[in-house]
Amino acid sequence: MRFRDAMKLIGLMMVTLLLAACSSTPKWVEKGGGYMNEKNSKSFYGVGGVSGVQNEPLARESADNRARADLAKYMDTYTSYLMRDYAASTTAGDFTKSSEEQNIERALKTFVSTNLSGVAVVDRWEKEDKTGKTIYALAKMDLETFKEQIGRMKELNAQARDFVRKNAEQAFDRLQQEEDKRGNNR
């Protein structure tokens with residue numbers, strides 16, 4: 001009887017662990033977009049998510065498009081930055097006393113506009129909790145496709161295009177090395 005109870009308990013624990021493993025958040029959801037060095041390929045990724053949309057096909061499409069937009073910002077982002085800084089110091093008569101004032105303003109605008117082809121949504125994950133369902137999507141563009149995209153960019157002159165093509169692989173490797181260093185320091 002005890003052996004049978006122990007076996008039931010072990011079986012129940014295994015089922016619980018299996019369910020917990022299946023319901024855990026994928027690493028790509030937690031990490032977000034960027035680049036990833038996989039076994040046989042190097043790729044750029046974008047992650048998008050949407051919640052509160054009852055129409056599931058619309059929610060999936062929205063998450064997919066947000067993942068593509070996240071990926072696009074790694075390819076071509078225009079950033080406009082403005083900072084205004086004002087400082088004043090006023091003294092009158094008695095130079096030991098002064099009136100100080102300062103005002104600092106910062107405005108930042110980011111705009112992404114690029115034409116991406118060869119981007120595929122390669123995974124989706126859904127999370128349901130008391131606030132509703134959230135759908136996440138993962139979009140992927142491999143490094144070879146990225147190099148082809150660079151060749152099609154009309155805005156780059158031929159010399160810049162050739163430089164990016166030749167150095168994309170090295171830049172990707174350097175980025176991976178820096179990320180590895182950061183991971184080892186945590």
# chains A, B, ... in the order shown; residues from 1 in each chain; ligands from 1
$ residues_around --residues "segment 35-47 of chain A" --least-positions-apart "3" --cutoff "8 Å" --atoms "only C-alpha atoms" --output "count of residues only"
20
$ residues_around --residues "Glu126 of chain A" --least-positions-apart "3" --cutoff "8 Å" --atoms "only C-alpha atoms" --output "list of chain:residue names"
A:Lys133, A:Thr134, A:Ile135, A:Tyr136
$ write_last_selection --atoms "N, CA and C atoms" --output "compact mmCIF listing (two decimals), in the first residue's frame"
# COMPACT_ATOMS: atom_id res chain seq x y z
N LYS A 133 -6.53 38.13 -21.81
CA LYS A 133 -5.53 37.40 -22.58
C LYS A 133 -4.54 38.38 -23.21
N THR A 134 -3.26 38.03 -23.16
CA THR A 134 -2.21 38.77 -23.86
C THR A 134 -1.59 37.82 -24.87
N ILE A 135 -1.46 38.30 -26.09
CA ILE A 135 -0.86 37.50 -27.16
C ILE A 135 0.47 38.14 -27.52
N TYR A 136 1.53 37.34 -27.55
CA TYR A 136 2.86 37.79 -27.93
C TYR A 136 3.24 37.13 -29.25
$ atom_distance --atom1 "atom CA of Asn115 of chain A" --atom2 "atom CA of Ser80 of chain A"
20.5 Å
$ closest_residue --among "A:Ser51, A:Asn103, A:Met83, A:Lys27" --to "Glu128 of chain A" --atoms "only C-alpha atoms"
A:Ser51
$ select_by_dssp --residues "segment 22-181 of chain A" --states "helix (DSSP H, G or I)" --output "PyMOL selection string"
chain A and resi 22-23+27-31+56-75+143-152+158-181
$ decode --residues "segment 118-150 of chain A" --atoms "N, CA and C atoms" --output "PDB file, in the first residue's frame"
ATOM      1  N   GLY A 118      11.181  39.387 -46.056  1.00  0.00           N
ATOM      2  CA  GLY A 118      11.918  38.254 -45.514  1.00  0.00           C
ATOM      3  C   GLY A 118      11.752  38.120 -44.007  1.00  0.00           C
ATOM      4  N   VAL A 119      10.849  38.888 -43.430  1.00  0.00           N
ATOM      5  CA  VAL A 119      10.571  38.789 -41.994  1.00  0.00           C
ATOM      6  C   VAL A 119       9.427  37.803 -41.810  1.00  0.00           C
ATOM      7  N   ALA A 120       9.606  36.875 -40.892  1.00  0.00           N
ATOM      8  CA  ALA A 120       8.573  35.878 -40.631  1.00  0.00           C
ATOM      9  C   ALA A 120       8.237  35.861 -39.154  1.00  0.00           C
ATOM     10  N   VAL A 121       6.958  35.725 -38.847  1.00  0.00           N
ATOM     11  CA  VAL A 121       6.538  35.500 -37.468  1.00  0.00           C
ATOM     12  C   VAL A 121       6.752  34.025 -37.205  1.00  0.00           C
ATOM     13  N   VAL A 122       7.675  33.712 -36.292  1.00  0.00           N
ATOM     14  CA  VAL A 122       8.088  32.322 -36.093  1.00  0.00           C
ATOM     15  C   VAL A 122       7.520  31.685 -34.823  1.00  0.00           C
ATOM     16  N   ASP A 123       6.918  32.503 -33.959  1.00  0.00           N
ATOM     17  CA  ASP A 123       6.354  31.933 -32.736  1.00  0.00           C
ATOM     18  C   ASP A 123       5.332  32.902 -32.159  1.00  0.00           C
ATOM     19  N   ARG A 124       4.377  32.347 -31.428  1.00  0.00           N
ATOM     20  CA  ARG A 124       3.405  33.133 -30.661  1.00  0.00           C
ATOM     21  C   ARG A 124       3.246  32.468 -29.311  1.00  0.00           C
ATOM     22  N   TRP A 125       2.876  33.289 -28.335  1.00  0.00           N
ATOM     23  CA  TRP A 125       2.620  32.751 -26.995  1.00  0.00           C
ATOM     24  C   TRP A 125       1.471  33.535 -26.393  1.00  0.00           C
ATOM     25  N   GLU A 126       0.569  32.830 -25.740  1.00  0.00           N
ATOM     26  CA  GLU A 126      -0.581  33.476 -25.123  1.00  0.00           C
ATOM     27  C   GLU A 126      -0.523  33.304 -23.612  1.00  0.00           C
ATOM     28  N   LYS A 127      -0.869  34.371 -22.929  1.00  0.00           N
ATOM     29  CA  LYS A 127      -0.920  34.347 -21.462  1.00  0.00           C
ATOM     30  C   LYS A 127      -2.306  34.817 -21.046  1.00  0.00           C
ATOM     31  N   GLU A 128      -2.930  34.046 -20.204  1.00  0.00           N
ATOM     32  CA  GLU A 128      -4.248  34.423 -19.725  1.00  0.00           C
ATOM     33  C   GLU A 128      -4.175  34.603 -18.215  1.00  0.00           C
ATOM     34  N   ASP A 129      -4.688  35.734 -17.751  1.00  0.00           N
ATOM     35  CA  ASP A 129      -4.765  35.976 -16.311  1.00  0.00           C
ATOM     36  C   ASP A 129      -6.070  36.696 -16.018  1.00  0.00           C
ATOM     37  N   LYS A 130      -6.229  37.202 -14.822  1.00  0.00           N
ATOM     38  CA  LYS A 130      -7.511  37.797 -14.431  1.00  0.00           C
ATOM     39  C   LYS A 130      -7.844  39.059 -15.216  1.00  0.00           C
ATOM     40  N   THR A 131      -6.852  39.698 -15.841  1.00  0.00           N
ATOM     41  CA  THR A 131      -7.119  40.902 -16.628  1.00  0.00           C
ATOM     42  C   THR A 131      -7.460  40.579 -18.075  1.00  0.00           C
ATOM     43  N   GLY A 132      -7.292  39.333 -18.474  1.00  0.00           N
ATOM     44  CA  GLY A 132      -7.614  38.934 -19.836  1.00  0.00           C
ATOM     45  C   GLY A 132      -6.460  38.215 -20.502  1.00  0.00           C
ATOM     46  N   LYS A 133      -6.534  38.130 -21.814  1.00  0.00           N
ATOM     47  CA  LYS A 133      -5.528  37.399 -22.581  1.00  0.00           C
ATOM     48  C   LYS A 133      -4.544  38.379 -23.214  1.00  0.00           C
ATOM     49  N   THR A 134      -3.261  38.034 -23.163  1.00  0.00           N
ATOM     50  CA  THR A 134      -2.214  38.770 -23.856  1.00  0.00           C
ATOM     51  C   THR A 134      -1.589  37.822 -24.865  1.00  0.00           C
ATOM     52  N   ILE A 135      -1.458  38.296 -26.090  1.00  0.00           N
ATOM     53  CA  ILE A 135      -0.855  37.498 -27.157  1.00  0.00           C
ATOM     54  C   ILE A 135       0.473  38.143 -27.518  1.00  0.00           C
ATOM     55  N   TYR A 136       1.527  37.337 -27.545  1.00  0.00           N
ATOM     56  CA  TYR A 136       2.862  37.787 -27.926  1.00  0.00           C
ATOM     57  C   TYR A 136       3.242  37.128 -29.246  1.00  0.00           C
ATOM     58  N   ALA A 137       3.993  37.855 -30.060  1.00  0.00           N
ATOM     59  CA  ALA A 137       4.471  37.315 -31.330  1.00  0.00           C
ATOM     60  C   ALA A 137       5.963  37.578 -31.453  1.00  0.00           C
ATOM     61  N   LEU A 138       6.667  36.658 -32.107  1.00  0.00           N
ATOM     62  CA  LEU A 138       8.101  36.766 -32.332  1.00  0.00           C
ATOM     63  C   LEU A 138       8.355  36.794 -33.835  1.00  0.00           C
ATOM     64  N   ALA A 139       8.917  37.912 -34.326  1.00  0.00           N
ATOM     65  CA  ALA A 139       9.267  38.053 -35.742  1.00  0.00           C
ATOM     66  C   ALA A 139      10.772  37.875 -35.893  1.00  0.00           C
ATOM     67  N   LYS A 140      11.181  37.267 -36.997  1.00  0.00           N
ATOM     68  CA  LYS A 140      12.596  36.934 -37.194  1.00  0.00           C
ATOM     69  C   LYS A 140      13.064  37.326 -38.595  1.00  0.00           C
ATOM     70  N   MET A 141      14.293  37.859 -38.643  1.00  0.00           N
ATOM     71  CA  MET A 141      14.986  38.089 -39.912  1.00  0.00           C
ATOM     72  C   MET A 141      16.409  37.594 -39.726  1.00  0.00           C
ATOM     73  N   ASP A 142      16.823  36.617 -40.536  1.00  0.00           N
ATOM     74  CA  ASP A 142      18.179  36.092 -40.367  1.00  0.00           C
ATOM     75  C   ASP A 142      19.197  37.069 -40.950  1.00  0.00           C
ATOM     76  N   LEU A 143      20.447  36.914 -40.537  1.00  0.00           N
ATOM     77  CA  LEU A 143      21.510  37.838 -40.918  1.00  0.00           C
ATOM     78  C   LEU A 143      21.703  37.887 -42.431  1.00  0.00           C
ATOM     79  N   GLU A 144      21.568  36.755 -43.114  1.00  0.00           N
ATOM     80  CA  GLU A 144      21.727  36.738 -44.567  1.00  0.00           C
ATOM     81  C   GLU A 144      20.650  37.593 -45.247  1.00  0.00           C
ATOM     82  N   THR A 145      19.423  37.493 -44.756  1.00  0.00           N
ATOM     83  CA  THR A 145      18.339  38.312 -45.307  1.00  0.00           C
ATOM     84  C   THR A 145      18.604  39.785 -45.029  1.00  0.00           C
ATOM     85  N   PHE A 146      19.130  40.079 -43.849  1.00  0.00           N
ATOM     86  CA  PHE A 146      19.487  41.461 -43.501  1.00  0.00           C
ATOM     87  C   PHE A 146      20.513  42.010 -44.489  1.00  0.00           C
ATOM     88  N   LYS A 147      21.516  41.209 -44.807  1.00  0.00           N
ATOM     89  CA  LYS A 147      22.537  41.650 -45.767  1.00  0.00           C
ATOM     90  C   LYS A 147      21.908  41.954 -47.127  1.00  0.00           C
ATOM     91  N   GLU A 148      20.945  41.118 -47.538  1.00  0.00           N
ATOM     92  CA  GLU A 148      20.244  41.367 -48.796  1.00  0.00           C
ATOM     93  C   GLU A 148      19.455  42.671 -48.731  1.00  0.00           C
ATOM     94  N   GLN A 149      18.835  42.943 -47.572  1.00  0.00           N
ATOM     95  CA  GLN A 149      18.077  44.187 -47.384  1.00  0.00           C
ATOM     96  C   GLN A 149      18.982  45.399 -47.546  1.00  0.00           C
ATOM     97  N   ILE A 150      20.172  45.320 -47.000  1.00  0.00           N
ATOM     98  CA  ILE A 150      21.129  46.423 -47.101  1.00  0.00           C
ATOM     99  C   ILE A 150      21.418  46.711 -48.573  1.00  0.00           C
TER     100      ILE A 150
END
